[in-house]
file target-v6.txt (compact mmCIF, C-alpha atoms)
# COMPACT_ATOMS: atom_id res chain seq x y z
CA MET A 1 -31.87 -62.43 19.97
CA SER A 2 -32.54 -60.00 22.83
CA LEU A 3 -34.31 -56.68 22.33
CA GLY A 4 -31.19 -54.88 23.56
CA SER A 5 -29.10 -56.32 20.72
CA LEU A 6 -31.40 -54.90 18.06
CA GLY A 7 -30.00 -51.40 18.46
CA LEU A 8 -31.70 -48.04 17.90
CA PRO A 9 -32.97 -47.26 14.41
CA THR A 10 -31.18 -44.19 13.06
CA GLN A 11 -34.49 -42.67 11.96
CA GLN A 12 -35.90 -42.59 15.49
CA ARG A 13 -35.04 -41.08 18.84
CA SER A 14 -35.63 -42.94 22.10
CA ILE A 15 -37.19 -41.43 25.24
CA PRO A 16 -37.27 -43.30 28.57
CA CYS A 17 -40.74 -43.63 30.05
CA VAL A 18 -42.84 -45.74 32.40
CA LEU A 19 -46.38 -46.79 31.54
CA MET A 20 -48.53 -46.67 34.65
CA ARG A 21 -52.10 -46.82 35.76
CA GLY A 22 -52.91 -43.94 38.05
CA GLY A 23 -56.33 -44.28 39.66
CA THR A 24 -58.75 -44.95 36.81
CA SER A 25 -56.48 -43.40 34.17
CA ARG A 26 -53.42 -44.66 32.31
CA GLY A 27 -50.49 -43.15 30.45
CA PRO A 28 -46.72 -42.73 30.20
CA TYR A 29 -44.73 -40.99 32.93
CA PHE A 30 -41.61 -39.07 31.89
CA LEU A 31 -38.78 -37.42 33.78
CA ALA A 32 -38.85 -33.73 32.86
CA ASP A 33 -35.19 -33.77 31.81
CA ASP A 34 -35.92 -36.49 29.24
CA LEU A 35 -38.30 -34.30 27.22
CA PRO A 36 -37.61 -31.28 24.96
CA THR A 37 -37.46 -27.89 26.63
CA ASP A 38 -39.09 -26.21 23.63
CA LEU A 39 -42.84 -26.45 24.30
CA ASP A 40 -43.86 -26.80 20.66
CA VAL A 41 -41.39 -29.63 20.15
CA ARG A 42 -42.47 -31.24 23.43
CA ASP A 43 -46.10 -31.20 22.36
CA ALA A 44 -45.24 -32.68 18.97
CA VAL A 45 -43.31 -35.45 20.73
CA LEU A 46 -46.21 -36.21 23.09
CA LEU A 47 -48.69 -36.35 20.21
CA MET A 48 -46.45 -38.82 18.37
CA VAL A 49 -45.88 -40.94 21.48
CA MET A 50 -49.62 -41.21 22.13
CA GLY A 51 -50.62 -41.70 18.48
CA SER A 52 -52.85 -38.62 18.15
CA PRO A 53 -54.87 -37.29 16.40
CA GLN A 54 -55.87 -40.74 15.15
CA GLY A 55 -59.03 -41.63 17.07
CA ARG A 56 -57.90 -45.17 17.92
CA GLN A 57 -54.31 -44.03 18.62
CA ILE A 58 -53.19 -47.27 16.99
CA ASP A 59 -49.80 -45.71 16.17
CA GLY A 60 -48.95 -44.85 19.76
CA LEU A 61 -49.39 -45.64 23.45
CA GLY A 62 -52.85 -44.08 23.78
CA GLY A 63 -55.87 -46.29 24.22
CA GLY A 64 -58.33 -44.33 22.09
CA THR A 65 -60.13 -42.79 25.09
CA THR A 66 -59.46 -39.62 27.05
CA VAL A 67 -58.75 -41.59 30.25
CA THR A 68 -56.03 -43.61 28.48
CA SER A 69 -54.54 -40.64 26.61
CA LYS A 70 -52.81 -38.83 29.43
CA VAL A 71 -49.19 -37.93 30.19
CA ALA A 72 -47.38 -37.14 33.45
CA VAL A 73 -44.10 -35.21 33.48
CA VAL A 74 -42.24 -35.32 36.80
CA GLY A 75 -39.08 -33.66 38.06
CA PRO A 76 -37.44 -32.03 41.08
CA SER A 77 -39.52 -29.12 42.31
CA SER A 78 -38.44 -25.54 41.71
CA HIS A 79 -40.57 -24.51 44.71
CA PRO A 80 -39.09 -24.64 48.23
CA ASP A 81 -42.29 -26.06 49.71
CA ALA A 82 -42.54 -29.07 47.40
CA ASP A 83 -40.50 -32.20 46.72
CA VAL A 84 -41.43 -32.76 43.07
CA ASP A 85 -43.14 -30.90 40.24
CA TYR A 86 -45.89 -32.64 38.28
CA LEU A 87 -47.07 -31.42 34.89
CA PHE A 88 -50.14 -33.10 33.43
CA ALA A 89 -50.93 -33.15 29.72
CA GLN A 90 -54.26 -34.27 28.29
CA ILE A 91 -53.75 -35.60 24.78
CA ASP A 92 -57.19 -35.53 23.21
CA PRO A 93 -57.63 -38.55 20.91
CA VAL A 94 -60.35 -36.79 18.89
CA TRP A 95 -58.99 -33.26 18.54
CA GLY A 96 -55.30 -34.19 18.56
CA THR A 97 -54.48 -31.40 21.03
CA VAL A 98 -52.12 -31.16 23.99
CA ASP A 99 -53.83 -29.34 26.86
CA THR A 100 -51.88 -28.46 30.01
CA LYS A 101 -54.50 -26.14 31.52
CA PRO A 102 -56.18 -28.81 33.68
CA THR A 103 -54.74 -31.24 36.16
CA CYS A 104 -55.49 -34.92 36.67
CA GLY A 105 -55.77 -36.36 40.15
CA ASN A 106 -55.93 -39.94 38.89
CA MET A 107 -52.58 -39.68 37.09
CA LEU A 108 -51.27 -37.89 40.19
CA ALA A 109 -51.68 -41.20 42.06
CA GLY A 110 -48.70 -42.57 40.13
CA VAL A 111 -46.45 -39.56 40.69
CA GLY A 112 -45.41 -40.53 44.22
CA PRO A 113 -44.37 -44.11 43.37
CA PHE A 114 -42.66 -42.90 40.19
CA ALA A 115 -40.73 -40.18 42.03
CA ILE A 116 -39.60 -42.59 44.74
CA GLU A 117 -38.53 -45.33 42.34
CA TYR A 118 -36.52 -42.92 40.19
CA GLY A 119 -34.66 -41.27 43.06
CA LEU A 120 -36.44 -37.92 43.26
CA VAL A 121 -37.64 -38.62 46.82
CA PRO A 122 -35.98 -40.90 49.40
CA ALA A 123 -38.15 -43.79 50.54
CA GLY A 124 -39.25 -44.10 54.14
CA ASP A 125 -40.51 -47.13 56.05
CA PRO A 126 -43.35 -48.17 56.14
CA THR A 127 -44.71 -45.13 54.29
CA THR A 128 -43.26 -42.17 52.41
CA SER A 129 -44.80 -38.72 52.54
CA LEU A 130 -44.07 -36.10 49.91
CA VAL A 131 -45.44 -32.80 48.66
CA VAL A 132 -46.22 -32.55 44.95
CA ARG A 133 -46.59 -29.19 43.22
CA ASN A 134 -49.01 -29.37 40.34
CA VAL A 135 -47.45 -27.09 37.74
CA ASN A 136 -50.70 -26.77 35.79
CA THR A 137 -52.57 -25.08 38.64
CA ASP A 138 -49.67 -24.09 40.93
CA SER A 139 -51.29 -26.02 43.77
CA PHE A 140 -49.89 -28.44 46.33
CA ILE A 141 -50.86 -32.00 47.15
CA ASP A 142 -49.79 -34.02 50.18
CA VAL A 143 -49.15 -37.61 49.11
CA VAL A 144 -48.60 -40.72 51.23
CA CYS A 145 -47.33 -43.90 49.54
CA GLN A 146 -46.81 -47.39 50.92
CA THR A 147 -43.06 -48.19 51.09
CA PRO A 148 -42.49 -51.07 53.53
CA GLY A 149 -38.80 -51.76 53.94
CA GLY A 150 -37.99 -48.65 51.90
CA GLU A 151 -39.43 -50.10 48.66
CA VAL A 152 -42.50 -48.96 46.75
CA SER A 153 -45.33 -51.47 47.17
CA TYR A 154 -48.14 -51.64 44.65
CA ASP A 155 -49.83 -54.60 46.38
CA GLY A 156 -52.57 -54.09 48.94
CA ASP A 157 -56.22 -54.50 49.80
CA CYS A 158 -57.52 -51.10 48.70
CA ALA A 159 -60.24 -51.24 46.03
CA ILE A 160 -61.49 -48.31 43.95
CA ASP A 161 -64.56 -48.50 41.74
CA GLY A 162 -63.64 -48.67 38.07
CA VAL A 163 -60.48 -50.77 38.60
CA ASP A 164 -60.44 -54.55 38.95
CA GLY A 165 -58.84 -56.09 42.02
CA THR A 166 -57.05 -54.33 44.85
CA ALA A 167 -53.77 -52.47 45.36
CA ALA A 168 -51.85 -50.40 47.89
CA PRO A 169 -53.65 -47.23 48.98
CA ILE A 170 -52.21 -43.87 47.98
CA GLU A 171 -53.53 -40.94 50.00
CA LEU A 172 -53.90 -37.58 48.23
CA ARG A 173 -54.78 -34.33 49.99
CA PHE A 174 -55.24 -31.32 47.70
CA ARG A 175 -54.53 -27.86 49.12
CA GLY A 176 -55.10 -24.39 47.67
CA ILE A 177 -57.76 -25.65 45.28
CA GLU A 178 -60.11 -22.68 45.13
CA GLY A 179 -59.79 -20.89 41.79
CA SER A 180 -57.37 -23.49 40.42
CA VAL A 181 -57.33 -22.05 36.89
CA THR A 182 -59.55 -18.97 36.88
CA GLY A 183 -58.31 -17.52 40.17
CA SER A 184 -61.78 -17.54 41.74
CA MET A 185 -63.99 -20.28 43.16
CA LEU A 186 -67.01 -18.65 41.51
CA PRO A 187 -65.55 -16.94 38.42
CA THR A 188 -68.80 -15.10 37.61
CA GLY A 189 -69.56 -14.26 41.24
CA ARG A 190 -72.81 -16.27 41.19
CA THR A 191 -73.70 -19.66 42.62
CA SER A 192 -76.03 -20.30 39.69
CA GLU A 193 -77.11 -18.63 36.45
CA VAL A 194 -78.94 -19.45 33.25
CA VAL A 195 -77.37 -20.11 29.88
CA PRO A 196 -79.52 -19.64 26.78
CA VAL A 197 -78.96 -22.44 24.29
CA ALA A 198 -80.66 -23.91 21.25
CA SER A 199 -82.90 -26.75 22.35
CA ARG A 200 -82.19 -30.23 21.02
CA ARG A 201 -85.93 -30.90 20.88
CA THR A 202 -87.30 -27.74 19.22
CA ASP A 203 -86.05 -24.91 17.06
CA GLY A 204 -86.75 -22.37 19.79
CA PRO A 205 -84.39 -21.12 22.49
CA THR A 206 -84.29 -22.57 25.98
CA GLU A 207 -82.44 -21.77 29.16
CA VAL A 208 -80.45 -24.15 31.30
CA GLU A 209 -79.51 -23.35 34.90
CA VAL A 210 -75.83 -23.99 35.58
CA THR A 211 -73.22 -23.50 38.27
CA LEU A 212 -69.83 -22.29 37.05
CA ILE A 213 -67.30 -23.26 39.69
CA ASP A 214 -63.53 -23.69 39.96
CA VAL A 215 -62.39 -25.91 42.83
CA ALA A 216 -59.49 -28.16 41.77
CA MET A 217 -60.97 -28.06 38.24
CA PRO A 218 -63.10 -25.47 36.41
CA MET A 219 -66.49 -27.06 35.79
CA VAL A 220 -69.94 -26.42 34.39
CA LEU A 221 -72.59 -28.19 36.47
CA ALA A 222 -76.13 -28.77 35.20
CA ARG A 223 -79.09 -30.92 36.22
CA ALA A 224 -79.67 -33.98 34.07
CA LEU A 225 -83.42 -33.30 33.90
CA ASP A 226 -82.77 -29.81 32.51
CA LEU A 227 -80.83 -31.43 29.68
CA GLY A 228 -83.56 -33.91 28.84
CA CYS A 229 -81.78 -36.80 30.59
CA THR A 230 -82.31 -38.91 33.69
CA GLY A 231 -78.72 -38.92 34.91
CA ARG A 232 -78.73 -42.72 34.87
CA GLU A 233 -77.52 -43.05 31.26
CA THR A 234 -74.37 -45.01 30.51
CA PRO A 235 -71.37 -43.27 28.93
CA ASP A 236 -72.05 -45.08 25.64
CA GLU A 237 -75.66 -43.91 25.61
CA LEU A 238 -74.65 -40.30 26.18
CA GLU A 239 -71.79 -40.30 23.68
CA SER A 240 -73.98 -41.82 20.97
CA ASP A 241 -76.61 -39.09 21.44
CA SER A 242 -75.16 -36.51 19.07
CA ALA A 243 -77.88 -33.96 19.85
CA PHE A 244 -77.12 -34.16 23.56
CA MET A 245 -73.37 -33.90 23.00
CA ALA A 246 -73.89 -30.83 20.82
CA LEU A 247 -76.12 -29.24 23.45
CA MET A 248 -73.58 -29.92 26.19
CA GLU A 249 -70.74 -28.49 24.11
CA ALA A 250 -72.73 -25.32 23.34
CA ILE A 251 -73.32 -24.77 27.06
CA ARG A 252 -69.66 -25.52 27.84
CA ARG A 253 -68.37 -23.00 25.30
CA GLU A 254 -70.65 -20.26 26.60
CA ALA A 255 -69.60 -21.13 30.16
CA GLY A 256 -65.92 -20.96 29.23
CA ALA A 257 -66.34 -17.44 27.92
CA ARG A 258 -68.21 -16.38 31.06
CA MET A 259 -65.51 -17.88 33.28
CA GLY A 260 -62.83 -15.81 31.56
CA LEU A 261 -61.30 -18.77 29.74
CA GLY A 262 -61.95 -17.36 26.27
CA ASP A 263 -62.63 -19.65 23.33
CA VAL A 264 -62.61 -23.18 24.77
CA SER A 265 -63.60 -24.98 21.58
CA GLN A 266 -60.18 -26.68 21.46
CA SER A 267 -59.58 -26.83 25.23
CA VAL A 268 -60.66 -29.53 27.65
CA VAL A 269 -61.54 -26.96 30.34
CA PRO A 270 -64.01 -26.23 31.69
CA LYS A 271 -65.17 -29.80 32.22
CA PHE A 272 -68.88 -30.63 32.28
CA GLY A 273 -70.78 -32.37 35.04
CA MET A 274 -74.36 -33.63 34.56
CA LEU A 275 -75.86 -34.12 38.01
CA SER A 276 -78.82 -35.96 39.47
CA GLU A 277 -80.10 -37.21 42.81
CA PRO A 278 -78.33 -40.30 44.19
CA LEU A 279 -79.90 -43.74 43.92
CA HIS A 280 -77.58 -45.93 45.99
CA GLY A 281 -77.11 -44.12 49.28
CA GLY A 282 -74.53 -41.60 48.08
CA THR A 283 -74.64 -37.84 48.24
CA ILE A 284 -75.10 -37.01 44.56
CA ALA A 285 -74.82 -38.68 41.14
CA SER A 286 -72.59 -37.33 38.38
CA ARG A 287 -71.75 -37.94 34.75
CA TYR A 288 -68.41 -36.28 34.05
CA PHE A 289 -67.33 -35.26 30.53
CA THR A 290 -63.70 -34.87 29.50
CA PRO A 291 -65.30 -33.16 27.40
CA THR A 292 -65.46 -35.14 24.14
CA GLN A 293 -66.25 -38.35 26.02
CA CYS A 294 -68.12 -39.33 29.18
CA HIS A 295 -65.77 -40.57 31.89
CA PRO A 296 -66.36 -44.25 32.69
CA THR A 297 -65.91 -43.42 36.38
CA HIS A 298 -65.05 -39.91 37.58
CA ALA A 299 -62.03 -37.62 37.60
CA VAL A 300 -60.43 -36.88 40.99
CA SER A 301 -60.29 -33.12 40.52
CA GLY A 302 -63.83 -33.14 39.12
CA ALA A 303 -65.06 -35.16 42.10
CA ILE A 304 -63.60 -32.59 44.49
CA CYS A 305 -65.28 -29.82 42.50
CA VAL A 306 -68.67 -31.55 42.55
CA ALA A 307 -68.26 -32.24 46.27
CA ALA A 308 -67.48 -28.58 46.96
CA ALA A 309 -70.53 -27.44 45.01
CA SER A 310 -72.67 -29.91 46.96
CA VAL A 311 -72.06 -28.04 50.24
CA MET A 312 -72.44 -24.56 48.72
CA VAL A 313 -75.92 -23.10 49.17
CA GLY A 314 -77.52 -21.95 45.93
CA THR A 315 -75.65 -24.21 43.51
CA VAL A 316 -77.19 -26.72 41.12
CA ALA A 317 -75.37 -29.48 43.04
CA ALA A 318 -76.73 -28.40 46.43
CA SER A 319 -80.28 -28.64 45.10
CA LEU A 320 -79.71 -32.35 44.40
CA ALA A 321 -77.33 -33.40 47.19
CA ALA A 322 -78.50 -35.65 50.00
CA LEU A 323 -76.24 -35.12 52.99
CA ALA A 324 -76.51 -37.93 55.51
CA ALA A 325 -78.31 -37.32 58.77
CA GLY A 326 -75.90 -35.66 61.17
CA GLN A 327 -73.40 -35.09 58.37
CA PRO A 328 -71.50 -31.83 58.81
CA ASP A 329 -72.29 -29.47 55.97
CA GLY A 330 -69.46 -27.00 56.31
CA THR A 331 -71.20 -24.88 58.94
CA GLY A 332 -68.43 -25.28 61.46
CA ALA A 333 -66.66 -22.11 62.52
CA ALA A 334 -63.34 -23.73 63.35
CA VAL A 335 -60.33 -22.42 61.48
CA GLY A 336 -59.30 -25.00 58.92
CA GLY A 337 -62.86 -26.18 58.40
CA VAL A 338 -64.74 -29.29 59.43
CA PRO A 339 -64.65 -32.65 57.65
CA VAL A 340 -67.44 -33.26 55.16
CA ASP A 341 -67.69 -36.69 53.54
CA ILE A 342 -69.26 -36.70 50.06
CA ALA A 343 -70.03 -39.88 48.09
CA ILE A 344 -70.39 -39.27 44.36
CA GLU A 345 -72.21 -41.97 42.41
CA HIS A 346 -70.80 -42.49 38.89
CA PRO A 347 -71.26 -45.06 36.08
CA SER A 348 -68.93 -47.61 37.71
CA GLY A 349 -69.69 -47.14 41.40
CA THR A 350 -68.97 -44.47 43.99
CA PHE A 351 -66.18 -41.96 44.54
CA ASP A 352 -65.57 -40.84 48.13
CA VAL A 353 -64.25 -37.32 48.80
CA SER A 354 -63.34 -35.87 52.19
CA LEU A 355 -63.58 -32.07 52.23
CA LEU A 356 -62.41 -29.58 54.80
CA ALA A 357 -65.09 -26.91 54.46
CA GLU A 358 -65.85 -23.79 56.46
CA ARG A 359 -69.06 -21.78 56.28
CA LEU A 360 -68.36 -18.05 56.11
CA ALA A 361 -70.73 -15.10 56.33
CA ASP A 362 -70.64 -14.71 52.56
CA GLY A 363 -70.34 -18.33 51.45
CA VAL A 364 -68.12 -21.36 51.91
CA ARG A 365 -64.36 -21.80 51.99
CA ILE A 366 -62.90 -25.11 50.84
CA HIS A 367 -59.61 -25.64 52.66
CA ALA A 368 -58.69 -29.05 51.22
CA GLY A 369 -60.01 -32.15 49.50
CA GLY A 370 -58.80 -35.67 50.20
CA VAL A 371 -59.18 -38.91 48.24
CA THR A 372 -57.68 -42.41 48.23
CA ARG A 373 -56.42 -43.87 44.95
CA THR A 374 -54.22 -46.74 43.79
CA ALA A 375 -51.61 -47.14 41.03
CA ARG A 376 -49.77 -49.87 39.18
CA LYS A 377 -46.49 -49.86 37.30
CA ILE A 378 -47.20 -51.65 34.02
CA MET A 379 -43.92 -51.43 32.11
CA ALA A 380 -40.75 -49.39 31.72
CA GLY A 381 -38.79 -48.86 28.52
CA MET A 382 -38.30 -46.52 25.57
CA ALA A 383 -40.80 -44.59 23.51
CA TYR A 384 -39.68 -43.71 19.97
CA VAL A 385 -40.32 -40.62 17.83
CA PRO A 386 -38.96 -39.75 14.39
CA ILE A 387 -35.74 -37.75 14.38
CA ASP A 388 -37.36 -35.02 12.31
CA ILE A 389 -39.82 -34.29 15.16
CA TRP A 390 -37.06 -33.94 17.76
CA PRO A 391 -33.67 -33.58 16.06
CA ALA A 392 -30.68 -34.90 17.94

call {"tool": "encode", "arguments": {"input": "target-v6.txt", "output": "C-alpha cells"}}
result
Amino acid sequence: MSLGSLGLPTQQRSIPCVLMRGGTSRGPYFLADDLPTDLDVRDAVLLMVMGSPQGRQIDGLGGGTTVTSKVAVVGPSSHPDADVDYLFAQIDPVWGTVDTKPTCGNMLAGVGPFAIEYGLVPAGDPTTSLVVRNVNTDSFIDVVCQTPGGEVSYDGDCAIDGVDGTAAPIELRFRGIEGSVTGSMLPTGRTSEVVPVASRRTDGPTEVEVTLIDVAMPMVLARALDLGCTGRETPDELESDSAFMALMEAIRREAGARMGLGDVSQSVVPKFGMLSEPLHGGTIASRYFTPTQCHPTHAVSGAICVAAASVMVGTVAASLAALAAGQPDGTGAAVGGVPVDIAIEHPSGTFDVSLLAERLADGVRIHAGGVTRTARKIMAGMAYVPIDIWPA
C-alpha cells in the first residue's frame, strides 16, 4: 500500500512543507499562502508542527535544540526592491514560544533554493541572483545560488564548519543591518557600559562590562574572563553550569531593558555572546547563546554582529580582537566602506565574515556583511495539525 492511498485523517489538517538544512540550522520551510493569516492561529500551528513546548519535541519536527527548532516562511515580496519575503520564526523548545523578532541567516541559506524550486524566482544558468527581504528586520539580502542548467544544485565542494561533507556554496550579502531591531547600532549610545549583577561566586554585587550592539542581530557582548570562564568551554559545559546560565540570563534581561526591548524574559533577543581572544589564528573567539542553549557553531547574524563590534573602537570585542597584520580595520574613507575580513572561532571551527566598514569621525558605519553558507533539501511532504487548532 502506498502512502498516498492511506488518505487524510479527518481529525487532522495537512500543510505542505519542505524540511531543509540551512547553514548549521534545520527546520521546515513553508509557502506563506499555506499558513493561517491569523497570527495567533499561525503560531499555534507552528508550535504543534515542531512539537513544542516539549523539550525533546518528540511529537513534532523539532530536534530538541534551538538550532533544529526553526521555521522559514517564504512568499512573493510585497516590496518593489525584493523578489521574495522571508519570515523567520524561532520555536523555543524549552519555553514553547514563537519569536519573530530576530532573523536567522543560517535558515536564510535555504530560502533561495526553496524560492527557485517552488516557482517564486526564475532560475538562471549557471547561477541565480535574487534579493530577499527579511520581514523580521525589514532588511535586504543579496543571494546567489548555484543553478547550472537552470536547476538548483545542492552538490558542490564548499565546506562550512559544523556540517559534515561539502555542498554548493550560497552567497549571502546583508544590507541595511545597522539597528536591525532597535533602530540604532548602539541602542544606549555607548560602546561599552557596566551591568551590576549578583555574582555567581559570592553573595555580593559585581559589575560586568558589556557592549550592547545591534548589527544584523541585537546582542549583549561580554568577556569570558569577566564571567568567570575561559571562553574555551564546550556548549555542554556551559549549559550544565546552572549558575553561569543564571548569571548570563540576568545580564541579558538587564541589557534588553536598556536596549529598549522591554521585558525579554520570554524573548530570544537580545542574544548573548561570550568573547575571548582567538587561539587558532582567527580574529576573535565567541560562544553564542540562543539564549537558552549555547550554539554548537555560530549564528550568521550573530557572527556579523560580533565582527562589526570587533572593528569598533571601545567595544568589548575590540579589546580582544586580533586583526591580521595589514588587515584593513574600517579606517578607509571610501564611500561604501573597505573590506574587512573577520574570522570568528567557535566550538566547531571558524566562521568567516566579510564586512564593508567605514570609519567616520564619530564612529564606524557598517555598510554590509557577507558570508558563504550551504543548504540541503532533506524531504518534502505534509505536516499535520489537529483540526481544532486550525479549523477548515

call {"tool": "closest_residue", "arguments": {"input": "target-v6.txt", "among": "A:Ala392, A:Val73, A:Val131, A:Ile160", "to": "Val18 of chain A", "atoms": "only C-alpha atoms"}}
result
A:Val73

call {"tool": "closest_residue", "arguments": {"input": "target-v6.txt", "among": "A:Arg287, A:Ala380, A:Asp81, A:Ala375", "to": "Leu19 of chain A", "atoms": "all atoms listed in the file"}}
result
A:Ala380

call {"tool": "atom_distance", "arguments": {"input": "target-v6.txt", "atom1": "atom CA of Ser265 of chain A", "atom2": "atom CA of Val98 of chain A"}}
result
13.3 Å

call {"tool": "atom_distance", "arguments": {"input": "target-v6.txt", "atom1": "atom CA of Val268 of chain A", "atom2": "atom CA of Thr290 of chain A"}}
result
6.4 Å

call {"tool": "atom_distance", "arguments": {"input": "target-v6.txt", "atom1": "atom CA of Gly256 of chain A", "atom2": "atom CA of Met274 of chain A"}}
result
16.1 Å

call {"tool": "closest_residue", "arguments": {"input": "target-v6.txt", "among": "A:Asp341, A:Glu277, A:Asp236, A:Asp263", "to": "Pro296 of chain A", "atoms": "all atoms listed in the file"}}
result
A:Asp236

call {"tool": "residues_near_point", "arguments": {"input": "target-v6.txt", "point": "(-54.9, -31.8, 27.2)", "cutoff": "8 Å", "atoms": "only C-alpha atoms", "output": "list in words"}}
result
Lys70, Phe88, Ala89, Gln90, Ile91, Asp92, Thr97, Val98, Asp99, Thr100, Lys101, Pro102, Ser267 and Val268 of chain A

call {"tool": "build_atoms", "arguments": {"input": "target-v6.txt", "residues": "segment 86-105 of chain A", "atoms": "N, CA and C atoms", "output": "PDB file, in the frame of the given file"}}
result
ATOM      1  N   TYR A  86     -45.105 -31.750  39.129  1.00  0.00           N
ATOM      2  CA  TYR A  86     -45.890 -32.640  38.280  1.00  0.00           C
ATOM      3  C   TYR A  86     -46.641 -31.810  37.250  1.00  0.00           C
ATOM      4  N   LEU A  87     -46.344 -32.046  35.978  1.00  0.00           N
ATOM      5  CA  LEU A  87     -47.070 -31.420  34.890  1.00  0.00           C
ATOM      6  C   LEU A  87     -47.932 -32.472  34.215  1.00  0.00           C
ATOM      7  N   PHE A  88     -49.219 -32.184  34.091  1.00  0.00           N
ATOM      8  CA  PHE A  88     -50.140 -33.100  33.430  1.00  0.00           C
ATOM      9  C   PHE A  88     -50.448 -32.579  32.032  1.00  0.00           C
ATOM     10  N   ALA A  89     -50.535 -33.505  31.079  1.00  0.00           N
ATOM     11  CA  ALA A  89     -50.930 -33.150  29.720  1.00  0.00           C
ATOM     12  C   ALA A  89     -52.037 -34.090  29.265  1.00  0.00           C
ATOM     13  N   GLN A  90     -53.161 -33.488  28.876  1.00  0.00           N
ATOM     14  CA  GLN A  90     -54.260 -34.270  28.290  1.00  0.00           C
ATOM     15  C   GLN A  90     -54.096 -34.277  26.785  1.00  0.00           C
ATOM     16  N   ILE A  91     -53.876 -35.459  26.223  1.00  0.00           N
ATOM     17  CA  ILE A  91     -53.750 -35.600  24.780  1.00  0.00           C
ATOM     18  C   ILE A  91     -55.114 -36.059  24.260  1.00  0.00           C
ATOM     19  N   ASP A  92     -55.848 -35.159  23.626  1.00  0.00           N
ATOM     20  CA  ASP A  92     -57.190 -35.530  23.210  1.00  0.00           C
ATOM     21  C   ASP A  92     -57.121 -36.428  21.980  1.00  0.00           C
ATOM     22  N   PRO A  93     -57.721 -37.630  22.050  1.00  0.00           N
ATOM     23  CA  PRO A  93     -57.630 -38.550  20.910  1.00  0.00           C
ATOM     24  C   PRO A  93     -58.489 -38.123  19.726  1.00  0.00           C
ATOM     25  N   VAL A  94     -59.467 -37.243  19.966  1.00  0.00           N
ATOM     26  CA  VAL A  94     -60.350 -36.790  18.890  1.00  0.00           C
ATOM     27  C   VAL A  94     -59.800 -35.524  18.246  1.00  0.00           C
ATOM     28  N   TRP A  95     -59.467 -34.535  19.059  1.00  0.00           N
ATOM     29  CA  TRP A  95     -58.990 -33.260  18.540  1.00  0.00           C
ATOM     30  C   TRP A  95     -57.508 -33.295  18.166  1.00  0.00           C
ATOM     31  N   GLY A  96     -56.737 -34.173  18.809  1.00  0.00           N
ATOM     32  CA  GLY A  96     -55.300 -34.190  18.560  1.00  0.00           C
ATOM     33  C   GLY A  96     -54.606 -32.980  19.151  1.00  0.00           C
ATOM     34  N   THR A  97     -55.063 -32.559  20.350  1.00  0.00           N
ATOM     35  CA  THR A  97     -54.480 -31.400  21.030  1.00  0.00           C
ATOM     36  C   THR A  97     -53.755 -31.837  22.292  1.00  0.00           C
ATOM     37  N   VAL A  98     -52.828 -30.981  22.726  1.00  0.00           N
ATOM     38  CA  VAL A  98     -52.120 -31.160  23.990  1.00  0.00           C
ATOM     39  C   VAL A  98     -52.564 -30.035  24.913  1.00  0.00           C
ATOM     40  N   ASP A  99     -53.288 -30.362  25.968  1.00  0.00           N
ATOM     41  CA  ASP A  99     -53.830 -29.340  26.860  1.00  0.00           C
ATOM     42  C   ASP A  99     -53.201 -29.484  28.241  1.00  0.00           C
ATOM     43  N   THR A 100     -52.503 -28.439  28.677  1.00  0.00           N
ATOM     44  CA  THR A 100     -51.880 -28.460  30.010  1.00  0.00           C
ATOM     45  C   THR A 100     -52.567 -27.481  30.957  1.00  0.00           C
ATOM     46  N   LYS A 101     -53.759 -27.008  30.600  1.00  0.00           N
ATOM     47  CA  LYS A 101     -54.500 -26.140  31.520  1.00  0.00           C
ATOM     48  C   LYS A 101     -55.024 -26.907  32.729  1.00  0.00           C
ATOM     49  N   PRO A 102     -55.619 -28.090  32.527  1.00  0.00           N
ATOM     50  CA  PRO A 102     -56.180 -28.810  33.680  1.00  0.00           C
ATOM     51  C   PRO A 102     -55.131 -29.638  34.391  1.00  0.00           C
ATOM     52  N   THR A 103     -55.556 -30.241  35.484  1.00  0.00           N
ATOM     53  CA  THR A 103     -54.740 -31.240  36.160  1.00  0.00           C
ATOM     54  C   THR A 103     -55.470 -32.569  36.086  1.00  0.00           C
ATOM     55  N   CYS A 104     -54.850 -33.611  36.597  1.00  0.00           N
ATOM     56  CA  CYS A 104     -55.490 -34.920  36.670  1.00  0.00           C
ATOM     57  C   CYS A 104     -55.081 -35.587  37.976  1.00  0.00           C
ATOM     58  N   GLY A 105     -56.060 -35.751  38.859  1.00  0.00           N
ATOM     59  CA  GLY A 105     -55.770 -36.360  40.150  1.00  0.00           C
ATOM     60  C   GLY A 105     -55.580 -37.860  40.067  1.00  0.00           C
TER      61      GLY A 105
END
